[in-house]
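Remarks on the structure that follows.
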Protein chains: 2
Amino acid sequence: MDTNVGLGGLRGETGRDARRRIRAGGHRAPTSGLAPGYVQGNLAILPQALAADFARFCALNPKPCPLLGQSEAGDPRLPMLGEDLDIRTDVPLYRVWRNGELVEETTDIAKHWRGDLVAFVLGCSFSFEEALIENGLELRHQSCNSNVPMYRTNIACAPAGPFHGPMVVSMRPFKPVDAIRAVQVTTRFPSVHGAPVHLGKPEMIGIGDISKPDYGDAVPVRDDELPVFWACGVTPQSVVATAKPEFCITHAPGYMLVTDLLNSRLAVL
Amino acid sequence: MDTNVGLGGLRGETGRDARRRIRAGGHRAPTSGLAPGYVQGNLAILPQALAADFARFCALNPKPCPLLGQSEAGDPRLPMLGEDLDIRTDVPLYRVWRNGELVEETTDIAKHWRGDLVAFVLGCSFSFEEALIENGLELRHQSCNSNVPMYRTNIACAPAGPFHGPMVVSMRPFKPVDAIRAVQVTTRFPSVHGAPVHLGKPEMIGIGDISKPDYGDAVPVRDDELPVFWACGVTPQSVVATAKPEFCITHAPGYMLVTDLLNSRLAVL
């Protein structure tokens, strides 16, 4: 019996609790709302031959690719993110790629594990969205019960080896005074995308039609609102897809790795 | 001989140096650029009968009216802003008002001093502008060699006794990425107006024509720029003018009080 599941639902669930349920097959859904207060991350697993270049890509592009943890080659553990964490079983849905082609969606990658694989976990916007909500700001895509709209931009990432491509951004509309507060709040979280990269004037970053996102769902932007753009964790996925590595494993969109880190501890101030 | 004045001009001048020159009649011009690094302030001197309400007005409206120092009634010193400071002689140009009418511009208010007067010194945007410039941002009104454009808004200040009226804002145009940086930089300086109160969409705060400021000079806002609005120290002057106190002394616009406080020490982080 899970004593955390009661009248309060899963609000008392820890990151470790969530991973344990996922590992046992008890949660096969997107992870939004799981283990409130705990950091969730994007996953990219690459062969060691590409790992140094990918690590360098993350270091060069910290806003779209904020590195939270990196495993040793062949080691499925990431103790800096969770003592018991096993990257082969703790994500509810994985995608397996060969030469840039999606070949399988699976809940367990034990059979794909190799002695040369390196796992990278990158920060995700769930962390700063929690802080925005705590500040009384409305997230339009949550009000619409949809996915956040994301766009490929004309902002080039700094390349590293085979990894290159445009920055992908997520968009949240806010009234100007709330946009200013959103800049302040997210500035405190540099390890999960940090401050916006742009606001207003979508055409300046190559977005021709705000109502047609490249990923996720469109949301209304009202006349008294500005679209505010943050660097997005879809960027590394897009970049990895472009590099077409011979082998690669990622999480499925929305099915994140839940860690033991606390969102509040990521705040620099 | 003033050893600070050499090849480096006045760059090495302290706040105290500047006040000494002003007091001796050696500087009868606006104070922009004087004593770089030192805080300059707006001045309002009111009879004690109005002082409590004005202090409350400042406390209720800290963004337009950030109080840096307040004298005791009848005492022309403000030791918290400068050990030797004498508010009767240390501002290069004063304005004397009776019943809301400007009756005199003068360089010395000793003859007007009364035992019931209270001096208020409020932060000014020079402090945060210095920080913006240090961050490599262009201030358009400086490039244009003009005064910053200022606008009366539809944002009502919280009233206190006879003091009430709309917030006045100053406007600086920036590219979106620089506007985001400007929010971050000025957030660090809450005692000198702090973060912007608005950006983009001037009509939302009652500004019908950005090319027609109510005070100062118009500056161009380019297609790839957003107008960014900060609460302005003209607000208390406008509010005092509206309240029409029987007697009041202010600085003349641009002729500020130079203090011993360091701009860098106003940063909260």
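Lettering and numbering for the structure tokens are positional, with chains as A, B, ... in the shown order, residues counted from 1 in each chain, and ligands counted from 1 in the shown order.
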Excluding Ala267 in chain B and residues on its chain fewer than 3 positions from it, collect all residues at most 8 Å away from it, counting only C-alpha atoms, and give them as a ChimeraX atom specification.
/B:188-190,263-264
Got time to write the residues from that selection, N, CA and C atoms, as a short mmCIF file (atom, residue, chain, number, x, y, z; two decimals), in the first residue's frame?
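result-v6.cif, written as the output of this step:
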data_model
loop_
_atom_site.label_atom_id
_atom_site.label_comp_id
_atom_site.auth_asym_id
_atom_site.auth_seq_id
_atom_site.Cartn_x
_atom_site.Cartn_y
_atom_site.Cartn_z
N ARG B 188 17.80 44.46 -10.11
CA ARG B 188 18.80 44.50 -9.03
C ARG B 188 18.78 45.83 -8.27
N PHE B 189 18.08 46.84 -8.79
CA PHE B 189 18.12 48.19 -8.22
C PHE B 189 16.74 48.68 -7.77
N PRO B 190 16.12 47.96 -6.81
CA PRO B 190 14.77 48.36 -6.41
C PRO B 190 14.70 49.76 -5.79
N ASN B 263 26.32 53.75 -6.56
CA ASN B 263 25.32 53.00 -7.32
C ASN B 263 25.48 51.51 -7.12
N SER B 264 26.72 51.03 -7.12
CA SER B 264 26.95 49.58 -7.02
C SER B 264 26.46 49.03 -5.68
#
Quick one: pick out all helix (DSSP H, G or I) residues within range 160-219 of chain A from a backbone DSSP run and write them as a VMD selection string.
chain A and resid 176 to 187 190 to 192 202 to 205
Pick the closest to chain B from A:Val221, A:Ala182, A:Val96, A:Ile210: which is it, counting only C-alpha atoms?
A:Ala182
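Around His112 in chain A, within 9 Å and counting only C-alpha atoms, the residues found are Arg88, Val96, Asp108, Ile109 and Ile249 of chain A, once anything fewer than 3 positions away on its own chain is removed.
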Please find the residues of chain B near chain A - the criterion being any atom within 9 Å, counting only C-alpha atoms - and write them as number ranges by chain.
B: 176-181, 183-184, 187, 195-201, 204, 224-226, 269
Counting only C-alpha atoms, the option among B:Leu257, B:Leu43, B:Leu68, B:Leu60 closest to Ala158 in chain B
B:Leu60
Using only C-alpha atoms, which residue out of A:Ala55, A:Ser127, A:Ala49, A:Val185 lies closest to Ala35 in chain A?
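Checking each of A:Ala55, A:Ser127, A:Ala49, A:Val185 against Ala35 in chain A, counting only C-alpha atoms, the winner is A:Ser127.
Contact shell of Met167 in chain A at 6 Å (only C-alpha atoms; same-chain neighbours under 6 positions omitted): Thr153, Ile155, Ala156, Cys157 and Thr235 of chain A.
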For a quick check of understanding, using only C-alpha atoms, which of B:Val258, B:Val103, B:Ala243, B:Ile133 has the smallest distance to Gly15 in chain B?
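Looking at the shortest contact to Gly15 in chain B, the residue is B:Val258.
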List every residue of range 116-181 of chain A that DSSP, applied to the backbone, labels as strand (DSSP E or B), and write the result as a PyMOL selection string.
chain A and resi 117-123+150-156+160+163+166-174
Create the file for the chosen residues now, containing C-alpha atoms and written as a compact mmCIF listing (two decimals), in the first residue's frame.
# COMPACT_ATOMS: atom_id res chain seq x y z
CA LEU A 117 26.37 4.17 -23.89
CA VAL A 118 26.41 7.52 -22.09
CA ALA A 119 23.17 9.00 -20.67
CA PHE A 120 22.61 12.77 -20.63
CA VAL A 121 19.81 14.31 -18.59
CA LEU A 122 18.89 17.89 -19.44
CA GLY A 123 16.68 20.31 -17.51
CA MET A 150 7.13 25.15 -29.75
CA TYR A 151 8.80 26.70 -32.79
CA ARG A 152 12.02 26.25 -34.75
CA THR A 153 13.75 29.63 -34.86
CA ASN A 154 16.39 31.32 -36.99
CA ILE A 155 18.72 31.36 -33.93
CA ALA A 156 21.59 28.96 -34.72
CA ALA A 160 29.98 20.83 -31.85
CA PHE A 163 25.65 18.39 -33.59
CA PRO A 166 18.43 25.88 -34.90
CA MET A 167 17.26 26.61 -31.40
CA VAL A 168 13.71 25.45 -30.67
CA VAL A 169 11.72 27.69 -28.34
CA SER A 170 8.55 27.22 -26.31
CA MET A 171 6.05 30.09 -26.12
CA ARG A 172 3.83 31.29 -23.28
CA PRO A 173 1.70 34.44 -23.71
CA PHE A 174 1.57 36.98 -20.87
Nearest candidate to Ala24 in chain B (options B:Asn135, B:Ser143, B:Thr107, B:Ser191; using only C-alpha atoms):
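Of B:Asn135, B:Ser143, B:Thr107, B:Ser191, the one nearest Ala24 in chain B, counting only C-alpha atoms, is B:Thr107.
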List the spatial neighbours of Ala52 in chain A as a CSV table (one decimal) with C-alpha atoms, in the first residue's frame - criterion: any atom at most 10 Å away, only C-alpha atoms, same-chain residues fewer than 5 positions off excluded.
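In the end it all went to part.csv:
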chain,number,residue,atom,x,y,z
A,46,LEU,CA,24.4,8.3,-27.1
A,47,PRO,CA,27.4,6.0,-27.9
A,57,PHE,CA,27.3,21.0,-27.5
A,58,CYS,CA,25.5,21.3,-24.2
A,118,VAL,CA,26.4,7.5,-22.1
A,160,ALA,CA,30.0,20.8,-31.9
A,161,GLY,CA,31.1,18.0,-34.1
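Near His251 in chain B, within 9 Å and counting only C-alpha atoms, sit Asn42, Leu43, Ala44, Val91, Pro92, Leu93, Tyr94, Arg95, Val96, Gly254, Tyr255, Met256 and Leu257 of chain B, not including residues fewer than 3 positions from it in the same chain.
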